[in-house]
Structures are given as C-alpha cells and as structure tokens.
>>> print(open('protein.cif').read())   # mmCIF, C-alpha atoms
data_run
#
loop_
_atom_site.label_atom_id
_atom_site.label_comp_id
_atom_site.auth_asym_id
_atom_site.auth_seq_id
_atom_site.Cartn_x
_atom_site.Cartn_y
_atom_site.Cartn_z
CA MET A 255 -189.72 102.06 84.60
CA HIS A 256 -186.56 102.04 86.70
CA TYR A 257 -183.95 104.40 85.22
CA THR A 258 -180.85 105.71 87.02
CA GLY A 259 -178.98 108.83 85.93
CA THR A 260 -178.61 109.75 82.27
CA ILE A 261 -179.61 106.91 79.95
CA TRP A 262 -177.26 106.56 76.99
CA ARG A 263 -178.11 104.66 73.82
CA PRO A 264 -176.87 104.70 70.22
CA PRO A 265 -179.06 106.63 67.75
CA TYR A 266 -180.02 103.42 65.95
CA GLU A 267 -181.60 102.03 69.15
CA ALA A 268 -184.28 104.76 69.20
CA ALA A 269 -187.13 102.30 68.60
CA SER A 270 -185.85 99.70 71.08
CA LEU A 271 -187.26 99.05 74.54
CA LEU A 272 -184.72 100.55 76.93
CA LEU A 273 -184.42 98.13 79.83
CA GLU A 274 -182.15 99.03 82.73
CA VAL A 275 -180.18 95.97 83.87
CA THR A 276 -177.07 97.82 85.05
CA ALA A 277 -176.06 101.38 85.86
CA GLY A 278 -172.58 102.78 85.59
CA CYS A 279 -169.40 101.20 84.23
CA THR A 280 -167.29 98.36 85.60
CA HIS A 281 -164.10 99.86 84.14
CA HIS A 282 -164.60 103.56 84.88
CA LYS A 283 -160.95 104.40 84.09
CA CYS A 284 -160.97 105.87 80.58
CA LYS A 285 -159.32 109.27 80.85
CA PHE A 286 -161.68 111.02 78.43
CA CYS A 287 -165.00 109.68 79.74
CA THR A 288 -167.45 111.69 81.86
CA LEU A 289 -170.66 109.90 80.86
CA TYR A 290 -171.33 108.32 84.24
CA HIS A 291 -170.00 111.02 86.56
CA ASP A 292 -173.54 111.85 87.67
CA LEU A 293 -173.87 108.50 89.49
CA PRO A 294 -172.98 108.18 93.20
CA PHE A 295 -171.51 104.72 92.56
CA GLN A 296 -169.26 103.11 89.93
CA PHE A 297 -171.42 100.17 88.87
CA ARG A 298 -174.63 98.50 89.98
CA MET A 299 -176.70 95.55 88.79
CA SER A 300 -180.46 95.96 88.74
CA PRO A 301 -182.38 93.47 90.90
CA LEU A 302 -184.18 90.89 88.78
CA GLY A 303 -187.38 92.00 90.49
CA ASP A 304 -186.96 95.52 89.09
CA ILE A 305 -186.28 94.16 85.61
CA GLU A 306 -189.38 91.96 85.80
CA SER A 307 -191.47 94.89 87.01
CA ASP A 308 -190.28 97.04 84.09
CA LEU A 309 -191.14 94.29 81.61
CA GLN A 310 -194.61 94.00 83.12
CA GLU A 311 -195.03 97.75 82.67
CA ALA A 312 -193.75 97.59 79.08
CA GLN A 313 -196.38 94.93 78.35
CA LEU A 314 -199.01 97.65 78.63
CA TRP A 315 -197.56 99.56 75.65
CA SER A 316 -199.97 97.98 73.17
CA THR A 317 -202.98 99.24 75.15
CA ASP A 318 -201.56 102.56 76.39
CA PRO A 319 -203.96 105.39 75.37
CA ILE A 320 -201.19 107.73 74.22
CA ALA A 321 -199.55 104.93 72.23
CA MET A 322 -202.92 104.08 70.65
CA LEU A 323 -203.47 107.72 69.70
CA THR A 324 -199.94 108.04 68.28
CA ALA A 325 -200.47 104.91 66.18
CA ARG A 326 -203.72 106.24 64.74
CA LEU A 327 -202.05 109.55 63.88
CA GLN A 328 -199.40 107.53 62.04
CA GLY A 329 -202.08 105.66 60.11
CA THR A 330 -201.81 102.29 61.86
CA PRO A 331 -204.65 100.65 63.84
CA ARG A 332 -202.53 99.97 66.93
CA PRO A 333 -198.94 100.37 68.19
CA LYS A 334 -196.34 98.21 66.48
CA PRO A 335 -195.15 95.26 68.58
CA ILE A 336 -191.87 95.77 70.42
CA GLN A 337 -189.26 93.78 68.51
CA ARG A 338 -186.00 94.74 70.17
CA ALA A 339 -184.70 95.42 73.67
CA PHE A 340 -181.61 97.47 74.46
CA LEU A 341 -180.13 96.82 77.89
CA THR A 342 -178.88 100.08 79.40
CA GLY A 343 -175.69 100.83 81.29
CA ALA A 344 -172.11 101.29 80.11
CA ASN A 345 -171.43 97.58 79.63
CA PRO A 346 -174.24 95.18 80.57
CA PHE A 347 -172.51 92.40 78.62
CA VAL A 348 -170.13 92.13 81.59
CA LEU A 349 -172.87 90.29 83.49
CA GLN A 350 -172.28 86.61 84.02
CA TYR A 351 -173.68 84.21 81.45
CA LYS A 352 -176.45 82.93 83.74
CA ARG A 353 -177.59 86.46 84.58
CA LEU A 354 -177.79 87.39 80.91
CA MET A 355 -179.72 84.21 80.17
CA ASP A 356 -182.12 84.91 83.06
CA ILE A 357 -182.76 88.40 81.65
CA ALA A 358 -183.39 86.93 78.19
CA GLY A 359 -185.84 84.48 79.74
CA LEU A 360 -187.77 87.27 81.44
CA ILE A 361 -187.93 89.23 78.18
CA ARG A 362 -189.30 86.20 76.31
CA ARG A 363 -191.85 85.55 79.05
CA TYR A 364 -193.32 89.04 79.18
CA ILE A 365 -192.75 90.39 75.65
CA PRO A 366 -192.44 87.42 73.28
CA THR A 367 -192.50 89.74 70.24
CA ILE A 368 -188.95 90.86 71.08
CA GLN A 369 -186.61 89.12 68.66
CA THR A 370 -183.18 90.52 69.57
CA ILE A 371 -181.42 91.99 72.60
CA GLY A 372 -178.62 94.54 72.29
CA CYS A 373 -176.42 96.48 74.69
CA PHE A 374 -173.11 98.25 75.06
CA ALA A 375 -170.15 95.94 75.59
CA ARG A 376 -166.46 96.25 76.36
CA ILE A 377 -163.88 94.06 74.65
CA THR A 378 -163.03 92.67 78.09
CA ASP A 379 -166.67 91.62 78.61
CA VAL A 380 -166.52 89.38 75.54
CA ALA A 381 -163.26 87.84 76.77
CA GLN A 382 -164.99 86.58 79.91
CA LYS A 383 -167.42 84.42 77.91
CA SER A 384 -166.59 80.98 76.50
CA GLU A 385 -167.32 80.07 72.88
CA GLU A 386 -170.22 77.92 74.05
CA GLU A 387 -171.64 80.76 76.14
CA LEU A 388 -171.41 83.26 73.29
CA THR A 389 -173.20 80.86 70.94
CA SER A 390 -175.89 80.18 73.53
CA LEU A 391 -176.36 83.91 74.19
CA HIS A 392 -176.84 84.46 70.48
CA ARG A 393 -179.49 81.74 70.38
CA ALA A 394 -181.20 83.45 73.33
CA GLY A 395 -181.49 86.65 71.28
CA TYR A 396 -178.33 88.62 72.04
CA ASP A 397 -177.32 90.33 68.81
CA GLY A 398 -176.26 93.77 67.68
CA LEU A 399 -173.82 94.74 70.43
CA THR A 400 -172.31 98.23 70.43
CA ILE A 401 -168.60 98.29 71.26
CA GLY A 402 -166.58 101.44 71.85
CA MET A 403 -163.31 100.20 70.39
CA GLU A 404 -162.18 103.88 70.21
CA THR A 405 -159.04 103.13 68.14
CA GLY A 406 -156.59 100.53 66.92
CA ASP A 407 -153.68 102.70 68.08
CA ASP A 408 -152.07 100.79 70.96
CA GLU A 409 -150.24 103.84 72.28
CA ALA A 410 -153.51 105.75 72.57
CA LEU A 411 -155.31 102.76 74.12
CA ARG A 412 -152.60 102.54 76.80
CA PHE A 413 -152.55 106.26 77.51
CA MET A 414 -156.33 106.45 77.81
CA ASN A 415 -156.49 103.42 80.15
CA LYS A 416 -158.86 101.44 77.91
CA GLY A 417 -157.71 98.15 79.41
CA TYR A 418 -157.14 96.24 76.16
CA THR A 419 -154.98 96.27 73.03
CA ALA A 420 -155.65 96.30 69.31
CA ALA A 421 -154.86 92.59 69.23
CA ASP A 422 -157.54 92.04 71.90
CA ILE A 423 -160.10 93.85 69.72
CA VAL A 424 -159.35 91.53 66.80
CA LYS A 425 -159.38 88.38 68.93
CA GLN A 426 -162.64 89.07 70.77
CA CYS A 427 -164.58 90.45 67.80
CA ARG A 428 -163.58 87.39 65.78
CA ARG A 429 -165.11 85.30 68.56
CA LEU A 430 -168.33 87.31 68.18
CA ASP A 431 -168.18 86.71 64.42
CA GLN A 432 -167.84 82.97 65.02
CA ALA A 433 -170.77 82.97 67.46
CA GLY A 434 -172.97 84.82 64.96
CA ILE A 435 -173.32 87.89 67.18
CA HIS A 436 -173.37 91.07 65.10
CA TYR A 437 -171.77 94.23 66.47
CA SER A 438 -171.10 97.88 65.73
CA LEU A 439 -167.72 99.47 66.44
CA PHE A 440 -167.33 103.08 67.51
CA TYR A 441 -164.20 105.05 66.65
CA LEU A 442 -163.26 108.13 68.66
CA GLY A 443 -161.83 110.79 66.39
CA GLY A 444 -158.99 112.66 68.07
CA ILE A 445 -158.08 110.01 70.63
CA SER A 446 -154.49 109.67 69.37
CA GLY A 447 -153.74 113.35 70.01
CA ALA A 448 -152.29 116.16 67.93
CA GLY A 449 -150.07 115.02 65.10
CA ARG A 450 -151.05 111.36 65.44
CA GLY A 451 -154.55 111.34 63.97
CA LYS A 452 -153.74 109.76 60.63
CA LEU A 453 -151.52 107.17 62.33
CA GLY A 454 -154.38 106.21 64.65
CA ALA A 455 -156.86 106.08 61.78
CA THR A 456 -154.62 103.84 59.71
CA ALA A 457 -154.04 101.48 62.64
CA THR A 458 -157.79 101.33 63.23
CA ALA A 459 -158.47 100.44 59.60
CA VAL A 460 -155.98 97.56 59.91
CA VAL A 461 -157.99 96.24 62.86
CA CYS A 462 -161.42 96.72 61.27
CA ASN A 463 -160.39 95.13 57.98
CA GLN A 464 -159.90 91.84 59.83
CA LEU A 465 -163.45 91.89 61.22
CA HIS A 466 -167.10 92.02 60.17
CA PRO A 467 -168.74 94.96 61.96
CA THR A 468 -172.28 95.87 60.95
CA ARG A 469 -171.27 99.52 61.14
CA ILE A 470 -168.33 101.68 62.07
CA GLY A 471 -169.58 104.75 63.86
CA VAL A 472 -167.54 107.89 64.41
CA ASN A 473 -167.68 110.07 67.49
CA MET A 474 -165.51 113.14 67.97
CA LEU A 475 -163.50 113.46 71.17
CA THR A 476 -164.95 116.22 73.32
CA ILE A 477 -162.97 117.03 76.46
CA TYR A 478 -164.72 118.23 79.60
CA PRO A 479 -162.99 119.85 82.60
CA GLU A 480 -164.06 117.07 84.96
CA SER A 481 -162.26 114.43 82.89
CA GLU A 482 -158.82 113.08 83.76
CA LEU A 483 -157.73 113.86 80.19
CA TYR A 484 -158.30 117.57 80.83
CA GLN A 485 -155.84 117.37 83.71
CA GLU A 486 -153.33 115.60 81.46
CA ILE A 487 -153.59 118.53 79.03
CA LEU A 488 -152.95 121.00 81.86
CA ARG A 489 -149.88 118.96 82.85
CA GLY A 490 -148.61 119.21 79.29
CA ARG A 491 -148.70 115.45 78.79
CA TRP A 492 -151.20 115.43 75.91
CA LYS A 493 -152.34 117.86 73.22
CA GLU A 494 -155.69 117.91 71.47
CA GLU A 495 -156.01 117.78 67.70
CA SER A 496 -157.51 120.69 65.82
CA GLU A 497 -161.04 120.13 64.51
CA ILE A 498 -159.85 120.02 60.90
CA GLU A 499 -157.19 117.47 61.84
CA LYS A 500 -159.95 115.29 63.28
CA TYR A 501 -161.79 115.35 59.96
CA LYS A 502 -158.58 114.54 58.09
CA GLU A 503 -158.24 111.61 60.46
CA ILE A 504 -161.76 110.37 59.68
CA ARG A 505 -161.04 110.79 55.97
CA THR A 506 -157.94 108.60 56.40
CA LEU A 507 -159.94 105.92 58.22
CA LEU A 508 -162.53 105.88 55.44
CA GLU A 509 -159.85 105.70 52.75
CA HIS A 510 -158.21 102.62 54.28
CA LEU A 511 -161.36 100.62 55.05
CA GLU A 512 -161.69 97.63 52.74
CA ILE A 513 -164.69 95.80 54.23
CA PRO A 514 -168.42 96.03 53.50
CA THR A 515 -170.03 97.92 56.36
CA GLN A 516 -172.02 101.01 57.23
CA PHE A 517 -169.86 104.08 57.90
CA ALA A 518 -171.55 106.78 59.93
CA ALA A 519 -171.07 109.87 62.05
CA PHE A 520 -174.08 110.63 64.19
CA GLY A 521 -174.69 111.93 67.67
CA ALA A 522 -174.08 115.31 69.27
CA SER A 523 -170.27 115.07 69.17
CA ASN A 524 -170.36 115.37 65.36
CA ALA A 525 -170.90 118.87 63.98
CA PHE A 526 -171.51 117.23 60.60
CA GLN A 527 -173.47 114.00 60.45
CA PHE A 528 -173.43 111.48 57.62
CA GLN A 529 -174.01 107.81 56.87
CA GLY A 530 -173.38 105.54 53.92
CA ALA A 531 -172.70 101.98 52.85
CA LEU A 532 -169.20 100.79 52.02
CA PRO A 533 -167.94 100.26 49.43
CA GLU A 534 -170.92 101.56 47.39
CA GLU A 535 -170.99 105.09 48.85
CA LYS A 536 -167.32 105.46 49.73
CA GLU A 537 -166.64 108.11 47.09
CA ALA A 538 -169.64 110.19 48.14
CA LEU A 539 -168.61 110.03 51.80
CA ALA A 540 -165.04 110.96 50.92
CA ALA A 541 -166.27 113.93 48.89
CA ALA A 542 -168.37 115.13 51.83
CA LEU A 543 -165.37 114.92 54.16
CA ASP A 544 -163.14 116.65 51.62
CA LYS A 545 -165.60 119.54 51.45
CA ILE A 546 -165.51 119.95 55.24
CA ILE A 547 -161.71 119.89 55.25
CA GLU A 548 -161.38 122.30 52.31
CA THR A 549 -163.56 124.95 53.97
CA GLY A 550 -161.01 125.19 56.75
CA ALA A 551 -163.69 126.44 59.13
CA GLU A 552 -161.61 125.68 62.24
CA ASP A 553 -163.04 128.55 64.29
CA ALA A 554 -166.65 127.58 63.63
CA LEU A 555 -165.99 123.91 64.33
CA ARG A 556 -164.11 124.78 67.50
CA GLU A 557 -166.96 126.98 68.65
CA TYR A 558 -169.31 124.05 68.22
CA ARG A 559 -167.00 121.84 70.28
CA VAL A 560 -166.51 124.20 73.22
CA ASN A 561 -170.23 125.02 73.40
CA LEU A 562 -171.26 121.38 73.47
CA ARG A 563 -172.42 121.19 77.06
CA HIS A 564 -172.92 117.46 77.09
CA LEU A 565 -172.75 114.58 74.65
#
>>> encode(input="protein.cif", output="structure tokens")
Amino acid sequence: MHYTGTIWRPPYEAASLLLEVTAGCTHHKCKFCTLYHDLPFQFRMSPLGDIESDLQEAQLWSTDPIAMLTARLQGTPRPKPIQRAFLTGANPFVLQYKRLMDIAGLIRRYIPTIQTIGCFARITDVAQKSEEELTSLHRAGYDGLTIGMETGDDEALRFMNKGYTAADIVKQCRRLDQAGIHYSLFYLGGISGAGRGKLGATATAVVCNQLHPTRIGVNMLTIYPESELYQEILRGRWKEESEIEKYKEIRTLLEHLEIPTQFAAFGASNAFQFQGALPEEKEALAAALDKIIETGAEDALREYRVNLRHL
C-alpha cells in the first residue's frame, strides 16, 4: 500500500480500508495545526495508478493467511468483507468531481463489497461542488464525511485562519443534508482562547442546532512549539485556556445542543473520553463533565497536556 507520512483517521474509521488518494492539506494555514509538518510538500494527489495498485493489493485481504488466522481466532470462517473505504489526507474531498467519481469507480471495480466512502473534508471543499455533483457523489457511495468545523465563533475562525465563517458552515452543511451525505463535525475545545470558551461553545451550539450531524466530536486544543499559534502566544497576542476552563466550555456546548446526535470525546487529545446519544444520554454526559470540573485537577490535566508528544 502507498502511504505517505503519518496517516490520520477518526477513531470510528478503524475498520475501514485506508486508501491514500491525497497527502497533505490544500489549506495548510490553520495556526494551531502541526499534523502535516512531517511532509516535504503542502499537498499532493496520488496517481490513479497507485490507487488502483493499492485496491488490487487490498483485494487479497480475504485470502491473506494472517487475516484468515485472525478470523478463525475470532470464531468466523473467513475475514469479513470490506464494507467501507476511508480516503486519507487532510481534505480529499477537495478533489474535482470527476476525480472523486473515478476513484469511486475503481473502488467498485476491485472491491464491490465496499458500500460507502468517507474522508476528511473542509467546508470550502463542499462549496466547490454543485448540488448535482454532491447528489451524484452520494449515489456513488460518498457518505460519512468528517469535517473539522472547530467552532462557530467567527472571531476565533478568523484569528486561526480557518478560511470560512460560521455562516459558511451552516450553508455548506445544509447542502450536504440536502444531498443525503451524512457528516460528523469536530469541535476544538479551547480554540476561542482564555476567557472566551463559553462564548465559543454557545456560538457553536447555535450553528450545530441548524444542522443534522451524525456526531459532534470533541478534541482538545494541544499547542506544539512548531505551530504558528505558539508564536502568537509568545508575542502576547493570544492566551490559552486552563484545562478546567476547556471542560467548562465542553459542558456549555453540551448544555446548548438541541439536536439528536452522538456527542463524543475520543482521541489522544482528550484526557477523559466519553460518548453518548443526545438527547437520551445528555444528563449522564453532563454529570460526567461536572465530575471532572468539580475535581479541579488542573495540575494533573495540564501534565497530561504538556506530555502529549503527538496527537
């Protein structure tokens, strides 16, 4: 398989076929991000020949000796068919409509058991597609996009150079809703800065309540020295929230959400991980967050943050 640099995927894509179709990020301007700093280029598309070669290799999964042994140990006669592909890279959905359709065609040709195709996407990637193209992409299998909205706080979006506004998030995700393409939104706890966490959380809930995300995932802002945001802190232009303030922020977001969705915190950036359905498990999630806040274990949480070598 062709893989370049660190391969990032959401936790819920663990069982998906990871297919590299891009590497790097087309935007590459978010002040907090260091995920693709290990690449010697900003963005690159994979040749279709490499993608086809990887699909041919993935075809062998059902007869791979190790996969056969693993299946028997799990009590099944043979490996389960691959049912989902996750296209890797920071935002593969930026690819032109024809390219995405060509990739879907290759996937169907070589692994017809795959039913859906997911990937990371930026709000600006969705904006480049027409309504007809989005609907056609959904019919071709594209479903379950993961979008790092980060926040509905326009001031924070501008400062962090996200390249879109809260209104853009609403507009483009509504277009996904209309096309039938499901999506998960990721919120970045702490992105609004010290003293503004609850404001950012409330603004984000206003955005999310107008949409239909499958899940709202929470990541906690972790600042690394190689990031531009670290330099902004040194210049005195931005101040990080305390760890307890971040959890108060997440508690505020949860409190103001009024839509049915999954609410989750998973991944290395979260010292405490949880997941539950809204509205059914809202009270239980709130109680769990309240317990974290009431302990006031700022030093322990901060130690976790500073010792987190990589996300």
>>> atom_distance(input="protein.cif", atom1="atom CA of Ile477 of chain A", atom2="atom CA of Tyr501 of chain A")
16.6 Å
>>> resolve_selection(input="protein.cif", expression="the PyMOL selection byres ((chain A and resi 370-384) around 6)", output="short mmCIF file (atom, residue, chain, number, x, y, z; two decimals) with C-alpha atoms, in the coordinates of the input")
data_model
loop_
_atom_site.label_atom_id
_atom_site.label_comp_id
_atom_site.auth_asym_id
_atom_site.auth_seq_id
_atom_site.Cartn_x
_atom_site.Cartn_y
_atom_site.Cartn_z
CA ARG A 338 -186.00 94.74 70.17
CA ALA A 339 -184.70 95.42 73.67
CA PHE A 340 -181.61 97.47 74.46
CA LEU A 341 -180.13 96.82 77.89
CA ALA A 344 -172.11 101.29 80.11
CA ASN A 345 -171.43 97.58 79.63
CA PHE A 347 -172.51 92.40 78.62
CA VAL A 348 -170.13 92.13 81.59
CA ILE A 368 -188.95 90.86 71.08
CA GLN A 369 -186.61 89.12 68.66
CA GLU A 385 -167.32 80.07 72.88
CA GLU A 386 -170.22 77.92 74.05
CA GLU A 387 -171.64 80.76 76.14
CA GLY A 395 -181.49 86.65 71.28
CA TYR A 396 -178.33 88.62 72.04
CA ASP A 397 -177.32 90.33 68.81
CA GLY A 398 -176.26 93.77 67.68
CA LEU A 399 -173.82 94.74 70.43
CA THR A 400 -172.31 98.23 70.43
CA ILE A 401 -168.60 98.29 71.26
#
>>> resolve_selection(input="protein.cif", expression="the PyMOL selection byres ((chain A and resi 414) around 8)", output="JSON list (two decimals) with C-alpha atoms, in the frame of the given file")
[["chain", "number", "residue", "atom", "x", "y", "z"],
["A", 284, "CYS", "CA", -160.97, 105.87, 80.58],
["A", 285, "LYS", "CA", -159.32, 109.27, 80.85],
["A", 286, "PHE", "CA", -161.68, 111.02, 78.43],
["A", 410, "ALA", "CA", -153.51, 105.75, 72.57],
["A", 411, "LEU", "CA", -155.31, 102.76, 74.12],
["A", 412, "ARG", "CA", -152.60, 102.54, 76.80],
["A", 413, "PHE", "CA", -152.55, 106.26, 77.51],
["A", 415, "ASN", "CA", -156.49, 103.42, 80.15],
["A", 416, "LYS", "CA", -158.86, 101.44, 77.91],
["A", 483, "LEU", "CA", -157.73, 113.86, 80.19]]
>>> closest_residue(input="protein.cif", among="A:Ser446, A:Asn463, A:Gln516, A:Gln527", to="Glu499 of chain A", atoms="all atoms listed in the file")
A:Ser446
>>> resolve_selection(input="protein.cif", expression="the PyMOL selection byres ((chain A and resi 425) around 12)", output="list in words")
Ile377, Thr378, Val380, Ala381, Tyr418, Thr419, Ala420, Ala421, Asp422, Ile423, Val424, Gln426, Cys427, Arg428, Arg429, Leu430, Asp431, Gln432, Val461, Cys462, Gln464 and Leu465 of chain A
>>> axis_aligned_box(input="protein.cif", around="segment 470-480 of chain A", padding_each_side="5 Å", output="JSON")
{"center_x": -166.3, "center_y": 110.8, "center_z": 73.5, "size_x": 16.6, "size_y": 28.2, "size_z": 32.9}
>>> atom_distance(input="protein.cif", atom1="atom CA of Arg505 of chain A", atom2="atom CA of Asp553 of chain A")
19.7 Å
>>> build_atoms(input="protein.cif", residues="segment 335-357 of chain A", atoms="N, CA, C and O atoms", output="short mmCIF file (atom, residue, chain, number, x, y, z; two decimals), in the coordinates of the input")
data_model
loop_
_atom_site.label_atom_id
_atom_site.label_comp_id
_atom_site.auth_asym_id
_atom_site.auth_seq_id
_atom_site.Cartn_x
_atom_site.Cartn_y
_atom_site.Cartn_z
N PRO A 335 -195.72 96.09 67.51
CA PRO A 335 -195.15 95.26 68.58
C PRO A 335 -193.68 95.62 68.83
O PRO A 335 -192.95 95.98 67.90
N ILE A 336 -193.27 95.53 70.09
CA ILE A 336 -191.87 95.77 70.42
C ILE A 336 -191.05 94.59 69.92
O ILE A 336 -191.33 93.43 70.28
N GLN A 337 -190.04 94.85 69.11
CA GLN A 337 -189.26 93.78 68.51
C GLN A 337 -187.82 93.71 69.00
O GLN A 337 -187.12 92.73 68.74
N ARG A 338 -187.38 94.74 69.71
CA ARG A 338 -186.00 94.74 70.17
C ARG A 338 -185.87 95.40 71.53
O ARG A 338 -186.56 96.40 71.82
N ALA A 339 -185.02 94.83 72.38
CA ALA A 339 -184.70 95.42 73.67
C ALA A 339 -183.25 95.86 73.66
O ALA A 339 -182.38 95.18 73.11
N PHE A 340 -182.98 97.01 74.28
CA PHE A 340 -181.61 97.47 74.46
C PHE A 340 -181.37 97.62 75.94
O PHE A 340 -182.02 98.41 76.62
N LEU A 341 -180.44 96.82 76.47
CA LEU A 341 -180.13 96.82 77.89
C LEU A 341 -179.23 98.02 78.19
O LEU A 341 -178.20 98.20 77.55
N THR A 342 -179.61 98.84 79.16
CA THR A 342 -178.88 100.08 79.40
C THR A 342 -177.79 99.89 80.46
O THR A 342 -177.77 98.95 81.23
N GLY A 343 -176.89 100.88 80.47
CA GLY A 343 -175.69 100.83 81.29
C GLY A 343 -174.48 100.85 80.38
O GLY A 343 -174.59 100.61 79.17
N ALA A 344 -173.31 101.16 80.94
CA ALA A 344 -172.11 101.29 80.11
C ALA A 344 -171.69 99.98 79.47
O ALA A 344 -171.21 99.97 78.34
N ASN A 345 -171.85 98.86 80.18
CA ASN A 345 -171.43 97.58 79.63
C ASN A 345 -172.17 96.40 80.27
O ASN A 345 -171.57 95.58 80.96
N PRO A 346 -173.47 96.28 80.00
CA PRO A 346 -174.24 95.18 80.57
C PRO A 346 -173.73 93.80 80.17
O PRO A 346 -174.01 92.81 80.87
N PHE A 347 -172.99 93.71 79.06
CA PHE A 347 -172.51 92.40 78.62
C PHE A 347 -171.47 91.83 79.58
O PHE A 347 -171.07 90.67 79.45
N VAL A 348 -171.05 92.62 80.56
CA VAL A 348 -170.13 92.13 81.59
C VAL A 348 -170.82 91.14 82.53
O VAL A 348 -170.16 90.35 83.21
N LEU A 349 -172.14 91.18 82.58
CA LEU A 349 -172.87 90.29 83.49
C LEU A 349 -172.55 88.84 83.17
O LEU A 349 -172.30 88.47 82.02
N GLN A 350 -172.58 88.02 84.21
CA GLN A 350 -172.28 86.61 84.02
C GLN A 350 -173.30 85.97 83.09
O GLN A 350 -174.45 86.40 82.98
N TYR A 351 -172.87 84.92 82.44
CA TYR A 351 -173.68 84.21 81.45
C TYR A 351 -175.07 83.88 81.99
O TYR A 351 -176.09 84.16 81.34
N LYS A 352 -175.14 83.33 83.20
CA LYS A 352 -176.45 82.93 83.74
C LYS A 352 -177.35 84.14 83.93
O LYS A 352 -178.56 84.07 83.66
N ARG A 353 -176.79 85.25 84.38
CA ARG A 353 -177.59 86.46 84.58
C ARG A 353 -178.16 86.95 83.25
O ARG A 353 -179.35 87.32 83.16
N LEU A 354 -177.33 86.97 82.22
CA LEU A 354 -177.79 87.39 80.91
C LEU A 354 -178.87 86.46 80.37
O LEU A 354 -179.86 86.91 79.76
N MET A 355 -178.71 85.17 80.61
CA MET A 355 -179.72 84.21 80.17
C MET A 355 -181.02 84.38 80.95
O MET A 355 -182.12 84.27 80.39
N ASP A 356 -180.91 84.66 82.25
CA ASP A 356 -182.12 84.91 83.06
C ASP A 356 -182.87 86.14 82.55
O ASP A 356 -184.11 86.14 82.48
N ILE A 357 -182.14 87.18 82.18
CA ILE A 357 -182.76 88.40 81.65
C ILE A 357 -183.45 88.10 80.32
O ILE A 357 -184.59 88.52 80.08
#
